[in-house]
Amino acid sequence: MALRKDKHNQSVRGSRIAIAIVIGVFLGCVFAFLYPNGLFSSATSDLPPRNRKVSKITSQVDSSCDSSEKINMLKSDIMQLSEKNDELKKQVRELNEKLRLAAVGKGHAEEQVVALSEPHKAGPFGTVKALRTSPTVLPDESVNPRLAKILEKVAVRKEVIVALANSNVKDMLEVWFTSIKKVGIPNFLVVALDDAIVEFCESNDIPVYKRDPDKYVDSIGKSGGNHAVSGLKFRILREFLQLGYSVLLSDVDIVYLQNPFDHFHKDSDVESMSDGHDNATAYGYNDVFDEPAMGWARYAHTMRIWVYNSGFFFIRPTIPAIELLDRVADRLSKQPKSWDQAVFNEELFFPSHPGYVGLHAAKRTLDIYLFMNSKVLFKTVRQDAALKKLKPVIVHVNYHPDKLSRMRAVVDFYVNGKQDALEPFPVGSDW
Ligand SMILES: *[C@@H]1O[C@H](CO)[C@@H](O)[C@H](O)[C@H]1NC(C)=O
C-alpha cells in the first residue's frame with residue numbers, strides 16, 4: 001500500500017512486483033504440479049459440482065504460468081475458494097454429526113428399513129435376517145391426556161415400570177417400592193385400584209395414578225381377587241402403549257436388585273420372565289411322547305416350553321403388542337373363569353390354524369437367573385455355590401404363597417448380606 005503513494009520508489013516498486021510475480025508464478029507451477037486435481041480436492045471429494053470449479057482454476061494455472069495479470073486474479077480466486085472451502089468443511093462436519101446421530105438410532109431401525117422397503121433378493125447363505133423388531137406406534141396423547149402428563153414426568157427414555165395395586169397387597173407393595181428406590185430406579189408408577197393405595201403412595205412419595213371412574217374397572221379393582229385384577233391390567237396397559245411408552249408390567253410380589261431396563265434387549269414385542277426352572281423348560285425343549293402301540297413310530301416329538309409369567313413382562317408400544325393386549329382382554333371378558341396367564345401364553349404362542357388367525361408377535365424369554373422366579377431360587381440357586389453368587393435383576397415370589405416373608409428373606413440375602421436368610425423356607429409350600 002505504501003508503494004502506491006511513493007512516486008520516487010517506482011523502480012523499486014517495479015522490481016518488487018517482478019519478484020512477486022516470479023514467486024507467484026513459481027508457486028503456481030509448483031502447486032499445479034503437486035496438486036493436479038486442485039488444491040481442495042481432498043476436502044471436497046464428495047461434493048463434485050463445487051470441486052469442478054476449483055479444478056478449472058488450477059488448470060488455468062497450468063496454461064498461464066506466463067501471465068502476471070491472471071496470477072492476481074487467481075490469487076483472489078484462491079482467497080475466495082479457500083473461504084468457500086472452509087464453508088464446505090463446516091458443512092461436511094455438520095453432515096458427519098448428523099450421520100453420527102442417525103447411527104445412534106440405527107440398529108433395529110436398519111432392520112426395519114430393510115424389511116419394509118422394496119422387495120429385494122435374499123442375500124447369501126447365513127446373512128438373511130427376518131424382521132423381529134416392529135416399529136413403534138405414533139404416540140396419541142388424546143387417549144389419556146392426564147396419564148400422558150404423569151408419564152412425561154415419571155418415565156425415563158419412554159420406559160416405565162407399572163404395577164397395579166389395591167389394599168390387599170399393601171405390605172408387599174411397600175417391599176416392592178422400597179427395593180426399587182434402593183436400586184435407584186426413578187421410572188415406576190403405581191396404578192392404584194382404591195383410594196387407600198393412593199393415600200399410601202402419596203404419603204410415601206411414590207408416583208401414583210388412579211384411573212378415572214370406570215364401572216367395569218372399579219368393581220373388579222376394589223374387590224377383585226388376584227386373577228380378576230390380572231385381567232384388568234391388559235386393558236389399563238393399552239393406554240400406556242398408545243401414549244408411546246414401553247411398559248414393564250410388574251406384579252408386586254417382586255424384589256428389585258438391579259435396574260431391569262439395563263437388561264432388556266428391546267428387540268421384541270414382548271420380553272417376559274419364565275415360569276420355567278431350568279434352561280430347557282424356560283427356553284424350549286423337545287419332549288418325546290412314547291406310544292408303544294405305534295411300533296416303529298412309537299416316538300412322537302413335541303415342542304414344549306413352560307409358560308411366560310404374565311406378572312412380569314416388558315412390552316414395547318408396537319401394533320403386535322397392542323393386539324396381544326386386546327386379544328387377551330377380549331378373551332378374559334368373554335371367558336371370565338379363564339386364567340389370564342394361560343390366555344396370555346396361548347395368544348402369544350399358538351400359530352394360525354383352521355378357523356383361527358394367530359398373533360404374530362416377537363417374543364423373548366428373559367434369562368432365568370437374572371429374572372428369577374422363586375422356584376429357581378428356592379429349588380436350585382440357594383443350593384448351588386456358584387449360582388448363589390450371581391445377583392439377579394429381580395426375584396419374583398410367584399411360586400410361593402408366603403410371599404411377604406420370602407420377599408423379606410430375598411432382601412436380607414441379596415441386599416443385607418445375610419447368608420442364611422433363605423435357609424428356613426421349604427422348597428415348596430407345605431400343602
Ligand atoms: C443354560 O444356559 C446358559 C445361557 O444360555 C448357559 O450359559 C448355561 O451353561 C446353561 N446351563 C446348563 C445347565 O445347560
# chains A, B, ... in the order shown; residues from 1 in each chain; ligands from 1
>>> residues_around(residues="region 379-391 of chain A", least_positions_apart="4", cutoff="12 Å", atoms="only C-alpha atoms", output="PyMOL selection string")
chain A and resi 255-259+276-278+368-375+395+399-400+409-411+413-415+417+419-429
>>> residues_around(residues="Lys153 (chain A)", least_positions_apart="2", cutoff="12 Å", atoms="only C-alpha atoms", output="CSV table (one decimal) with N, CA, C and O atoms, in the first residue's frame")
chain,number,residue,atom,x,y,z
A,146,ARG,N,-54.3,-36.9,30.9
A,146,ARG,CA,-53.8,-36.8,32.3
A,146,ARG,C,-52.7,-37.8,32.5
A,146,ARG,O,-51.7,-37.5,33.1
A,147,LEU,N,-52.9,-39.1,32.0
A,147,LEU,CA,-51.8,-40.1,32.1
A,147,LEU,C,-50.6,-39.6,31.4
A,147,LEU,O,-49.4,-39.8,31.8
A,148,ALA,N,-50.8,-39.0,30.2
A,148,ALA,CA,-49.7,-38.5,29.4
A,148,ALA,C,-48.8,-37.6,30.2
A,148,ALA,O,-47.6,-37.6,30.2
A,149,LYS,N,-49.5,-36.7,31.0
A,149,LYS,CA,-48.7,-35.7,31.8
A,149,LYS,C,-47.9,-36.4,32.8
A,149,LYS,O,-46.8,-36.1,33.1
A,150,ILE,N,-48.5,-37.4,33.5
A,150,ILE,CA,-47.8,-38.1,34.6
A,150,ILE,C,-46.6,-38.8,34.0
A,150,ILE,O,-45.5,-38.8,34.5
A,151,LEU,N,-46.8,-39.5,32.8
A,151,LEU,CA,-45.7,-40.3,32.3
A,151,LEU,C,-44.6,-39.4,31.8
A,151,LEU,O,-43.4,-39.8,31.8
A,155,ALA,N,-41.6,-41.2,33.4
A,155,ALA,CA,-40.8,-42.2,32.5
A,155,ALA,C,-39.4,-41.7,32.2
A,155,ALA,O,-39.1,-40.5,32.3
A,156,VAL,N,-38.5,-42.6,32.0
A,156,VAL,CA,-37.2,-42.4,31.5
A,156,VAL,C,-37.0,-43.1,30.2
A,156,VAL,O,-37.3,-44.2,30.1
A,157,ARG,N,-36.5,-42.3,29.2
A,157,ARG,CA,-36.4,-42.9,27.8
A,157,ARG,C,-37.7,-43.6,27.4
A,157,ARG,O,-37.6,-44.6,26.8
A,158,LYS,N,-38.8,-43.0,27.7
A,158,LYS,CA,-40.1,-43.5,27.3
A,158,LYS,C,-40.3,-44.9,27.9
A,158,LYS,O,-41.0,-45.8,27.2
A,159,GLU,N,-39.7,-45.2,29.0
A,159,GLU,CA,-39.9,-46.6,29.6
A,159,GLU,C,-40.4,-46.4,31.1
A,159,GLU,O,-39.9,-45.4,31.8
A,160,VAL,N,-41.2,-47.3,31.5
A,160,VAL,CA,-41.7,-47.1,32.9
A,160,VAL,C,-42.1,-48.5,33.5
A,160,VAL,O,-42.6,-49.4,32.7
A,186,PRO,N,-35.8,-44.6,39.0
A,186,PRO,CA,-36.8,-43.5,39.2
A,186,PRO,C,-38.1,-43.7,38.4
A,186,PRO,O,-39.1,-43.1,38.8
A,187,ASN,N,-38.1,-44.5,37.4
A,187,ASN,CA,-39.2,-44.6,36.5
A,187,ASN,C,-40.2,-45.7,36.8
A,187,ASN,O,-40.2,-46.7,36.1
A,188,PHE,N,-41.0,-45.5,37.8
A,188,PHE,CA,-42.0,-46.5,38.1
A,188,PHE,C,-43.3,-45.8,38.6
A,188,PHE,O,-43.2,-44.7,39.0
A,189,LEU,N,-44.4,-46.5,38.4
A,189,LEU,CA,-45.7,-45.9,38.7
A,189,LEU,C,-46.6,-46.9,39.2
A,189,LEU,O,-46.7,-48.0,38.7
A,207,PRO,N,-44.8,-42.3,43.0
A,207,PRO,CA,-45.6,-41.9,41.9
A,207,PRO,C,-46.9,-42.8,41.7
A,207,PRO,O,-46.7,-44.0,41.7
A,208,VAL,N,-48.0,-42.2,41.7
A,208,VAL,CA,-49.3,-43.0,41.7
A,208,VAL,C,-50.2,-42.4,40.7
A,208,VAL,O,-50.3,-41.2,40.5
>>> residues_around(residues="Leu348 (chain A)", least_positions_apart="4", cutoff="12 Å", atoms="only C-alpha atoms", output="MDAnalysis selection string")
chainID A and resid 269:272 307:310 320:328 341:344 352 357:364
>>> select_by_dssp(residues="region 216-319 of chain A", states="strand (DSSP E)", output="ChimeraX atom specification")
/A:246-250,254-256,270-274,285-290,299-304,308-315
>>> residues_around(residues="Thr318 (chain A)", least_positions_apart="6", cutoff="8 Å", atoms="only C-alpha atoms", output="ChimeraX atom specification")
/A:134-137,241,269
>>> write_last_selection(atoms="N, CA and C atoms", output="PDB file, in the first residue's frame")
ATOM      1  N   SER A 134     -40.623 -54.742  15.634  1.00  0.00           N
ATOM      2  CA  SER A 134     -41.668 -53.950  14.993  1.00  0.00           C
ATOM      3  C   SER A 134     -41.452 -52.472  15.274  1.00  0.00           C
ATOM      4  N   PRO A 135     -41.850 -51.617  14.328  1.00  0.00           N
ATOM      5  CA  PRO A 135     -41.770 -50.179  14.601  1.00  0.00           C
ATOM      6  C   PRO A 135     -42.760 -49.793  15.696  1.00  0.00           C
ATOM      7  N   THR A 136     -42.425 -48.746  16.421  1.00  0.00           N
ATOM      8  CA  THR A 136     -43.326 -48.307  17.488  1.00  0.00           C
ATOM      9  C   THR A 136     -44.448 -47.447  16.894  1.00  0.00           C
ATOM     10  N   VAL A 137     -45.570 -47.401  17.599  1.00  0.00           N
ATOM     11  CA  VAL A 137     -46.705 -46.625  17.101  1.00  0.00           C
ATOM     12  C   VAL A 137     -46.461 -45.134  17.334  1.00  0.00           C
ATOM     13  N   LEU A 241     -49.277 -47.926  26.137  1.00  0.00           N
ATOM     14  CA  LEU A 241     -48.636 -48.193  24.850  1.00  0.00           C
ATOM     15  C   LEU A 241     -49.099 -47.182  23.805  1.00  0.00           C
ATOM     16  N   ASP A 269     -41.487 -57.635  20.664  1.00  0.00           N
ATOM     17  CA  ASP A 269     -42.707 -57.005  21.150  1.00  0.00           C
ATOM     18  C   ASP A 269     -42.887 -57.275  22.646  1.00  0.00           C
TER      19      ASP A 269
END
>>> closest_residue(among="A:Gly284, A:Gly355, A:Gly295, A:Gly231", to="ligand 1", atoms="only C-alpha atoms and all ligand atoms")
A:Gly284
>>> closest_residue(among="A:Leu173, A:Ala165, A:Leu131, A:Ala280", to="Lys210 (chain A)", atoms="only C-alpha atoms")
A:Ala165
>>> residues_around(residues="Val190 (chain A)", least_positions_apart="6", cutoff="6 Å", atoms="only C-alpha atoms", output="short mmCIF file (atom, residue, chain, number, x, y, z; two decimals) with all heavy atoms, in the first residue's frame")
data_model
loop_
_atom_site.label_atom_id
_atom_site.label_comp_id
_atom_site.auth_asym_id
_atom_site.auth_seq_id
_atom_site.Cartn_x
_atom_site.Cartn_y
_atom_site.Cartn_z
N VAL A 162 -44.73 -50.45 35.70
CA VAL A 162 -46.10 -50.22 36.13
C VAL A 162 -46.59 -51.40 36.96
O VAL A 162 -46.43 -52.56 36.56
CB VAL A 162 -47.04 -50.04 34.91
CG1 VAL A 162 -48.50 -49.97 35.35
CG2 VAL A 162 -46.67 -48.79 34.12
N ALA A 163 -47.16 -51.09 38.12
CA ALA A 163 -47.77 -52.14 38.94
C ALA A 163 -49.18 -51.72 39.32
O ALA A 163 -49.44 -50.54 39.61
CB ALA A 163 -46.95 -52.37 40.21
N LEU A 164 -50.11 -52.67 39.28
CA LEU A 164 -51.46 -52.42 39.77
C LEU A 164 -51.53 -52.87 41.22
O LEU A 164 -51.00 -53.94 41.56
CB LEU A 164 -52.48 -53.22 38.96
CG LEU A 164 -52.99 -52.62 37.64
CD1 LEU A 164 -51.87 -52.45 36.65
CD2 LEU A 164 -54.10 -53.50 37.07
N VAL A 208 -48.03 -42.20 41.74
CA VAL A 208 -49.27 -43.00 41.73
C VAL A 208 -50.25 -42.40 40.73
O VAL A 208 -50.27 -41.19 40.48
CB VAL A 208 -49.88 -43.08 43.15
CG1 VAL A 208 -50.25 -41.70 43.67
CG2 VAL A 208 -51.07 -44.01 43.18
#
>>> atom_distance(atom1="CA of Leu248 (chain A)", atom2="CA of Phe264 (chain A)")
10.0 Å
>>> atom_distance(atom1="CA of Phe240 (chain A)", atom2="CA of Val143 (chain A)")
9.2 Å
>>> closest_residue(among="A:Leu404, A:Ile161, A:Ala300, A:Ile315", to="Arg238 (chain A)", atoms="only C-alpha atoms")
A:Ile315
>>> atom_distance(atom1="CA of Arg235 (chain A)", atom2="CA of Glu202 (chain A)")
24.2 Å
>>> closest_residue(among="A:Lys233, A:Val191, A:Asn279, A:Pro401", to="ligand 1", atoms="only C-alpha atoms and all ligand atoms")
A:Asn279
>>> closest_residue(among="A:Met407, A:Leu366, A:Ile180, A:Leu138", to="ligand 1", atoms="only C-alpha atoms and all ligand atoms")
A:Leu366
>>> residues_around(residues="Asp212 (chain A)", least_positions_apart="5", cutoff="12 Å", atoms="only C-alpha atoms", output="ChimeraX atom specification")
/A:144-147,191-194,217-218,236
>>> closest_residue(among="A:Ala282, A:Ile305, A:Val247, A:Ile394", to="ligand 1", atoms="only C-alpha atoms and all ligand atoms")
A:Ala282
